[in-house]
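Peer 1: There's a structure below that I have some questions on.
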Amino acid sequence: MRLQRPSRYARRRSDRTGCASFVALTLVLIGIAGVIRERWLPLLLPAAVDALPDPEDVRRALVSGQLEAAIQAGERLVAANSQDYSALESLVRALVYYAETDFDRDEARQRALTLTTHALRSATIQRDVLAVHAFALYANAQHDEAIKYALRAIDRSPQNALARVALAGAYASSGLFEAGLREADFALSLTQAQPELRWEAGRARAFALARLGRYQDALNAADEAIRQRRSGLPLYFERALYALQLGNYNAATSAYFTVLAYDSGNVKARFRLCELSSQRRETQAALNYCTEVTERAPNFSPGWYALGREYYLQGQFRLAQQALHRCTTLEVAQRPVLERRFECWYFQGQAAEILGDCPALLAIYEEFQQMTHEADLPQTWVYPPEGPAICLPSTPAA
């Protein structure tokens with residue numbers, strides 16, 4: 001009887017087959033692991049993949065003028081922990097400064113007040129949030145309420161610099177100019193221990209001085225605050241205003257240019273340069289800046305008014321008509337009657353009359369008269385009962 005032994009060749013082939021199967025299995029497992037790592041692990045472990053920002057990073061972004069980054073990071077921190085007062089304060093300040101830096105950002109200001117109002121309902125941080133709530137109220141022009149909450153915060157913590165800043169601004173805005181300056185000076189003295197608020201305190205001092213009519217002192221105080229934080233764009237607009245009160249057009253222009261150096265797309269700075277150039281009768285510069293405003297913010301009616309007025313002053317009445325028509329259209333769509341800029345109607349009517357454009361003049365005049373029926377307008381525009389002279393039928397010569 002003969003035994004059949006497997007050949008060496010058969011054994012080698014069997015060994016190779018087993019090895020190949022092992023390699024294939026390994027590759028499959030590696031592929032599965034990769035899929036799990038890329039697709040499923042982030043869902044299973046979101047905190048590890050998308051960690052919350054460091055609160056100190058929010059503060060640094062705020063101080064460096066990176067307001068959108070500060071807002072995004074602050075919103076995440078507050079959403080994750082509504083009891084984080086430090087993150088809330090940085091977020092609220094960033095929202096307020098973001099709103100003050102350009103037009104059409106009122107939602108950010110209102111968001112700041114919504115956050116602090118909600119935080120007041122939390123007993124665990126109610127005491128801490130009083131000051132930042134007063135600050136948000138002041139930013140939203142609710143001055144009486146800002147004074148009330150600032151005083152409550154100071155009653156609990158007399159060394160709270162942010163509460164003093166809010167109180168100074170609210171006092172100065174309410175006609176209590178000396179009290180506003182006193183609180184601003186006190187806030188500035190407290191910043192030796194709270195240096196992160198030195199810019200805010202200096203800004204409040206400049207504002208109080210300006211309300212007292214001490215514009216040179218206000219300008220000096222603004223410059224001192226700017227040295228503390230050069231990226232604080234809202235203060236440049238205020239510095240320009242103080243300079244203009246002194247007739248210092250170069251200083252105002254420099255302030256607006258600085259804003260554009262930090263924020264090249266800023267519409268507010270361009271609009272102020274449009275107004276300033278028109279006032280100084282730098283006609284080409286005025287047209288350039290006003291046109292840029294309408295291009296960057298086509299729904300901003302004051303930009304169209306400024307452009308139309310500049311065209312009118314330069315005798316380009318057809319272009320003035322077109323720009324002012326955009327202004328009236330936007331004013332009707334965006335504002336109640338008593339808040340509209342009636343100059344858009346007046347200048348447009350005058351341009352039509354100069355051009356002898358009777359249909360356009362009658363249309364804009366009738367639109368204005370319709371508004372007088374809707375509200376008691378503070379300004380009047382009246383033609384004789386027979387209508388504008390250019391629209392009367394000509395009388396044949398005798």
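Chains: A, B, ... in order of the structure tokens. Residues: from 1 per chain. Ligands: from 1, in order shown.
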Might you pull out every residue within 9 Å of Arg272 of chain A, with only C-alpha atoms counted and same-chain residues fewer than 2 positions away left off, and present them as a ChimeraX atom specification?
Peer 2: /A:237,253,256,267-270,274-277,289
Peer 1: Residues of the last selection are to be written out with N, CA and C atoms, as a compact mmCIF listing (two decimals), in the first residue's frame.
Peer 2:
```txt
# COMPACT_ATOMS: atom_id res chain seq x y z
N PHE A 237 -13.51 107.20 14.24
CA PHE A 237 -14.64 108.00 13.77
C PHE A 237 -14.92 109.15 14.74
N THR A 253 -9.49 113.60 8.06
CA THR A 253 -9.20 112.76 6.89
C THR A 253 -8.24 111.64 7.25
N TYR A 256 -10.04 108.79 9.00
CA TYR A 256 -10.81 107.92 8.09
C TYR A 256 -9.87 107.03 7.26
N VAL A 267 -17.44 100.82 4.56
CA VAL A 267 -18.34 101.76 3.88
C VAL A 267 -18.49 103.05 4.68
N LYS A 268 -18.52 102.93 5.99
CA LYS A 268 -18.73 104.10 6.84
C LYS A 268 -17.62 105.13 6.64
N ALA A 269 -16.37 104.69 6.57
CA ALA A 269 -15.25 105.62 6.36
C ALA A 269 -15.36 106.28 4.99
N ARG A 270 -15.74 105.52 3.98
CA ARG A 270 -15.90 106.10 2.64
C ARG A 270 -17.04 107.13 2.63
N CYS A 274 -16.77 110.97 1.69
CA CYS A 274 -17.67 111.54 0.67
C CYS A 274 -18.25 112.85 1.19
N GLU A 275 -18.78 112.83 2.41
CA GLU A 275 -19.36 114.04 3.00
C GLU A 275 -18.30 115.13 3.18
N LEU A 276 -17.14 114.75 3.70
CA LEU A 276 -16.08 115.72 3.96
C LEU A 276 -15.56 116.34 2.67
N SER A 277 -15.36 115.52 1.65
CA SER A 277 -14.87 116.03 0.37
C SER A 277 -15.89 116.97 -0.25
N TYR A 289 -15.73 108.99 -3.83
CA TYR A 289 -16.10 108.33 -2.57
C TYR A 289 -17.60 108.04 -2.52
```
Peer 1: Near Cys290 of chain A, counting only C-alpha atoms, which residues have an atom at most 12 Å away, once you skip same-chain residues fewer than 6 positions from it, shown as JSON, numbers by chain?
Peer 2: {"A": [267, 268, 269, 270, 271, 272, 273, 274, 275, 276, 277, 278, 282, 283, 284, 296, 297, 298, 300, 301, 302, 303, 304, 305, 306, 307, 308, 309, 310, 311, 323]}
Peer 1: Among segment 90-168 of chain A, which residues does DSSP mark as alpha helix (DSSP H) when it is run on the backbone? Keep the chain and numbering as in the structure and answer as number ranges by chain.
Peer 2: A: 90-101, 106-120, 126-139, 143-156, 161-168
Peer 1: Restricting the calculation to only C-alpha atoms, which member of A:Phe368, A:Ala172, A:Val382, A:His373 is positioned closest to Asp144 of chain A?
Peer 2: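 Of A:Phe368, A:Ala172, A:Val382, A:His373, the one nearest Asp144 of chain A, counting only C-alpha atoms, is A:Ala172.
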Peer 1: What's around segment 348-365 of chain A at 7 Å? Count only C-alpha atoms, leave out sequence neighbours fewer than 5 positions away in its own chain, and write the answer as a list in words.
Peer 2: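 Here the answer would be Phe317, Ala320, Gln321, Leu324, Ile390 and Cys391 of chain A.
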Peer 1: Just N, CA and C atoms for this one: save the residues we selected as a PDB file, in the first residue's frame.
Peer 2:
```pdb
ATOM      1  N   PHE A 317     -27.561 117.515 -13.582  1.00  0.00           N
ATOM      2  CA  PHE A 317     -28.909 117.361 -13.044  1.00  0.00           C
ATOM      3  C   PHE A 317     -29.559 116.031 -13.439  1.00  0.00           C
ATOM      4  N   ALA A 320     -28.149 113.580 -11.167  1.00  0.00           N
ATOM      5  CA  ALA A 320     -28.698 113.855  -9.833  1.00  0.00           C
ATOM      6  C   ALA A 320     -30.095 113.250  -9.715  1.00  0.00           C
ATOM      7  N   GLN A 321     -30.910 113.416 -10.744  1.00  0.00           N
ATOM      8  CA  GLN A 321     -32.256 112.817 -10.743  1.00  0.00           C
ATOM      9  C   GLN A 321     -32.195 111.312 -10.512  1.00  0.00           C
ATOM     10  N   LEU A 324     -31.009 110.430  -6.898  1.00  0.00           N
ATOM     11  CA  LEU A 324     -32.003 110.804  -5.904  1.00  0.00           C
ATOM     12  C   LEU A 324     -33.272 109.959  -6.027  1.00  0.00           C
ATOM     13  N   ILE A 390     -43.497 125.271 -14.942  1.00  0.00           N
ATOM     14  CA  ILE A 390     -43.012 124.650 -16.172  1.00  0.00           C
ATOM     15  C   ILE A 390     -44.030 123.688 -16.766  1.00  0.00           C
ATOM     16  N   CYS A 391     -45.035 123.320 -15.978  1.00  0.00           N
ATOM     17  CA  CYS A 391     -46.029 122.367 -16.466  1.00  0.00           C
ATOM     18  C   CYS A 391     -47.313 123.032 -16.939  1.00  0.00           C
TER      19      CYS A 391
END
```
Peer 1: Set the distance at 9 Å and use only C-alpha atoms: which residues neighbour segment 338-341 of chain A once local chain neighbours fewer than 3 positions away are removed? I'd like the list as a CSV table (one decimal) with N, CA and C atoms, in the first residue's frame.
Peer 2:
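New file result-v9.csv:
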```
chain,number,residue,atom,x,y,z
A,301,SER,N,-29.5,104.2,1.6
A,301,SER,CA,-30.1,105.4,1.0
A,301,SER,C,-29.3,106.7,1.2
A,302,PRO,N,-28.7,106.9,2.4
A,302,PRO,CA,-27.9,108.1,2.6
A,302,PRO,C,-26.7,108.2,1.5
A,305,TYR,N,-28.3,109.7,-1.6
A,305,TYR,CA,-28.6,111.1,-1.4
A,305,TYR,C,-27.3,111.9,-1.5
A,327,CYS,N,-32.6,107.1,-4.0
A,327,CYS,CA,-32.8,107.5,-2.6
A,327,CYS,C,-34.2,107.4,-2.2
A,328,THR,N,-35.1,108.1,-2.9
A,328,THR,CA,-36.5,108.1,-2.5
A,328,THR,C,-37.1,106.7,-2.5
A,331,GLU,N,-35.9,105.0,0.6
A,331,GLU,CA,-36.5,105.6,1.8
A,331,GLU,C,-37.9,105.1,2.0
A,332,VAL,N,-38.7,105.1,1.0
A,332,VAL,CA,-40.1,104.6,1.1
A,332,VAL,C,-40.1,103.1,1.5
A,334,GLN,N,-37.7,101.5,3.3
A,334,GLN,CA,-37.0,101.2,4.5
A,334,GLN,C,-37.5,102.0,5.8
A,335,ARG,N,-38.1,103.1,5.6
A,335,ARG,CA,-38.4,104.0,6.7
A,335,ARG,C,-39.8,104.4,6.8
A,344,CYS,N,-34.2,114.2,-0.4
A,344,CYS,CA,-34.2,113.4,-1.7
A,344,CYS,C,-35.3,113.8,-2.6
A,345,TRP,N,-36.4,114.2,-2.1
A,345,TRP,CA,-37.6,114.6,-2.9
A,345,TRP,C,-37.3,116.1,-3.4
A,371,MET,N,-47.3,111.9,1.0
A,371,MET,CA,-46.7,111.7,2.3
A,371,MET,C,-47.3,112.7,3.3
A,375,ALA,N,-48.8,111.8,7.2
A,375,ALA,CA,-48.2,112.2,8.4
A,375,ALA,C,-48.0,113.7,8.4
A,376,ASP,N,-47.9,114.3,9.6
A,376,ASP,CA,-47.7,115.7,9.8
A,376,ASP,C,-46.2,116.0,9.6
A,377,LEU,N,-45.8,116.3,8.3
A,377,LEU,CA,-44.4,116.5,8.0
A,377,LEU,C,-43.8,117.8,8.6
A,378,PRO,N,-42.6,117.7,9.0
A,378,PRO,CA,-42.0,118.9,9.6
A,378,PRO,C,-41.5,119.9,8.5
```
Peer 1: Using only C-alpha atoms, pick whichever of A:Gln66, A:Ser90, A:Asn248, A:Thr372 has the shortest atom-to-atom distance to Phe342 of chain A.
Peer 2: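 Of all the options, A:Thr372 lies closest to Phe342 of chain A.
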Peer 1: Residues at most 9 Å from Ile226 of chain A, counting only C-alpha atoms, excluding those fewer than 6 positions away in the same chain, as a count of residues only?
Peer 2: 6
Peer 1: Can you measure atom CA of Leu167 of chain A to atom CA of Ala79 of chain A for me? One decimal in Å is fine.
Peer 2: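 Calculated distance between atom CA of Leu167 of chain A and atom CA of Ala79 of chain A is 28.4 Å.
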Peer 1: Find the residues around Tyr138 of chain A up to 7 Å (only C-alpha atoms counted), leave out those fewer than 6 positions away in its own chain, and share them as a list in words.
Peer 2: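 Near Tyr138 of chain A, the qualifying residues are Ala146, Ala166 and Ala170 of chain A.
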Peer 1: Rounded to one decimal, what separation in Å do you get between atom CA of Ala201 of chain A and atom CA of Ala225 of chain A?
Peer 2: 8.0 Å
Peer 1: Between atom CA of Leu115 of chain A and atom CA of Pro195 of chain A, what distance in Å does the model show, to one decimal?
Peer 2: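 Between these atoms lies a distance of 24.6 Å.
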